[in-house]
Amino acid sequence: PLHRVPAARPAPDPVAILLTAAEQLGTATRVCELAAQHARTREQFGRPVGAFQAVAHLCAGILVRAETARAAVYAAAVTADPADIAAARILADEAAVRGARDCLQVHGGMGFTWESEVHLHLKRAWVRTHRTGGVTESEEMLAAALAPETA
C-alpha cells in the first residue's frame, strides 16, 4: 500500500516511471472506451447523447490525449531515454486524469455510482500521479534534459 512507502525515497527508477506511464495509458484507453460506449448507447431526447456536440467533443478530447500518450509511451519504451520517459509520464498522467474526468462528464451523475467503474479509474489515476516521484519530478527531469548546458 502507498501509505507504507517511506517519505524520503531515492531517485525514482526510470523503469518504474515508464511502467507507471504505461498503467496510466491503460486507464486512459479504458475510459475512452467507456465514454464512447456510453455515448453510443445512452439516449436523451430520442437520440444517443453522443450526437450532441458537447459530448462528442469530450469523447474526441479523450481519444486525442490517449493516442498522444500511447505514442509517447511506446517511443519511451523503445528509446529508454530519461527525457522521453519523463515526457511519456507527463502525457500519460494528463491523459488518464483528464480522460477520467471527461468520462465522468459523459456519464453524468451515474459515473459516481457503483453501477459504473469510471470513478474508480479516476481515483486510481490520481493515486498513480503521485507514484514514483510524481509529475513534478518528471517535469523537472524533462526541463533539465531540454535546457542547454551552461558552462
# chains A, B, ... in the order shown; residues from 1 in each chain; ligands from 1
$ residues_around --residues "segment 29-32 of chain A" --least-positions-apart "6" --cutoff "8 Å" --atoms "only C-alpha atoms" --output "list in words"
Cys59, Ile62, Leu63, Ala66, Ala96, Gly99, Ala100, Cys103, Val118 and His121 of chain A
$ residues_around --residues "Tyr74 of chain A" --least-positions-apart "3" --cutoff "12 Å" --atoms "only C-alpha atoms" --output "list of chain:residue names"
A:Leu18, A:Leu19, A:Ala21, A:Ala22, A:Leu25, A:Glu67, A:Thr68, A:Ala69, A:Arg70, A:Ala71, A:Ala77, A:Val78, A:Thr79, A:Ala80, A:Asp81, A:Asp84, A:Ile85, A:Ala87, A:Ala88, A:Arg89, A:Leu91, A:Ala92
$ write_last_selection --atoms "C-alpha atoms" --output "compact mmCIF listing (two decimals), in the first residue's frame"
# COMPACT_ATOMS: atom_id res chain seq x y z
CA LEU A 18 7.78 4.12 -17.54
CA LEU A 19 5.65 1.35 -16.05
CA ALA A 21 3.08 5.79 -17.50
CA ALA A 22 2.00 2.52 -19.13
CA LEU A 25 -2.10 4.78 -20.58
CA GLU A 67 -3.40 8.34 -28.54
CA THR A 68 -0.79 11.05 -27.91
CA ALA A 69 0.17 9.36 -24.66
CA ARG A 70 0.28 5.98 -26.42
CA ALA A 71 2.80 7.26 -28.96
CA ALA A 77 9.87 2.15 -24.19
CA VAL A 78 11.94 1.85 -27.37
CA THR A 79 14.48 4.57 -26.67
CA ALA A 80 14.72 4.22 -22.86
CA ASP A 81 15.88 7.83 -22.79
CA ASP A 84 11.44 10.52 -23.30
CA ILE A 85 10.30 8.60 -20.23
CA ALA A 87 7.62 13.23 -21.30
CA ALA A 88 5.66 9.99 -21.60
CA ARG A 89 4.86 10.11 -17.90
CA LEU A 91 1.40 12.93 -21.15
CA ALA A 92 0.08 9.66 -19.73
$ select_by_dssp --residues "segment 103-138 of chain A" --states "alpha helix (DSSP H)" --output "list in words"
Cys103, Leu104, Gln105, Val106, His107, Val118, His119, Leu120, His121, Leu122, Lys123, Arg124, Ala125, Trp126, Val127, Arg128, Gly134, Val135, Thr136, Glu137 and Ser138 of chain A
$ residues_around --residues "Leu146 of chain A" --least-positions-apart "4" --cutoff "9 Å" --atoms "only C-alpha atoms" --output "number ranges by chain"
A: 83, 141-142
$ closest_residue --among "A:His119, A:Arg124, A:His57, A:His107" --to "Asp93 of chain A" --atoms "only C-alpha atoms"
A:Arg124
$ closest_residue --among "A:Ile90, A:Asp102, A:Glu117, A:Thr20" --to "Ala56 of chain A" --atoms "only C-alpha atoms"
A:Asp102
$ select_by_dssp --residues "chain A" --states "strand (DSSP E or B)" --output "NGL selection string"
:A and (43-44 or 47-48)
$ closest_residue --among "A:Glu94, A:Pro148, A:Val55, A:Gly109" --to "Val135 of chain A" --atoms "only C-alpha atoms"
A:Glu94
$ closest_residue --among "A:Ala60, A:Ala75, A:Ala39, A:Ala86" --to "Pro12 of chain A" --atoms "only C-alpha atoms"
A:Ala86
$ residues_around --residues "Thr132 of chain A" --least-positions-apart "3" --cutoff "9 Å" --atoms "only C-alpha atoms" --output "count of residues only"
11
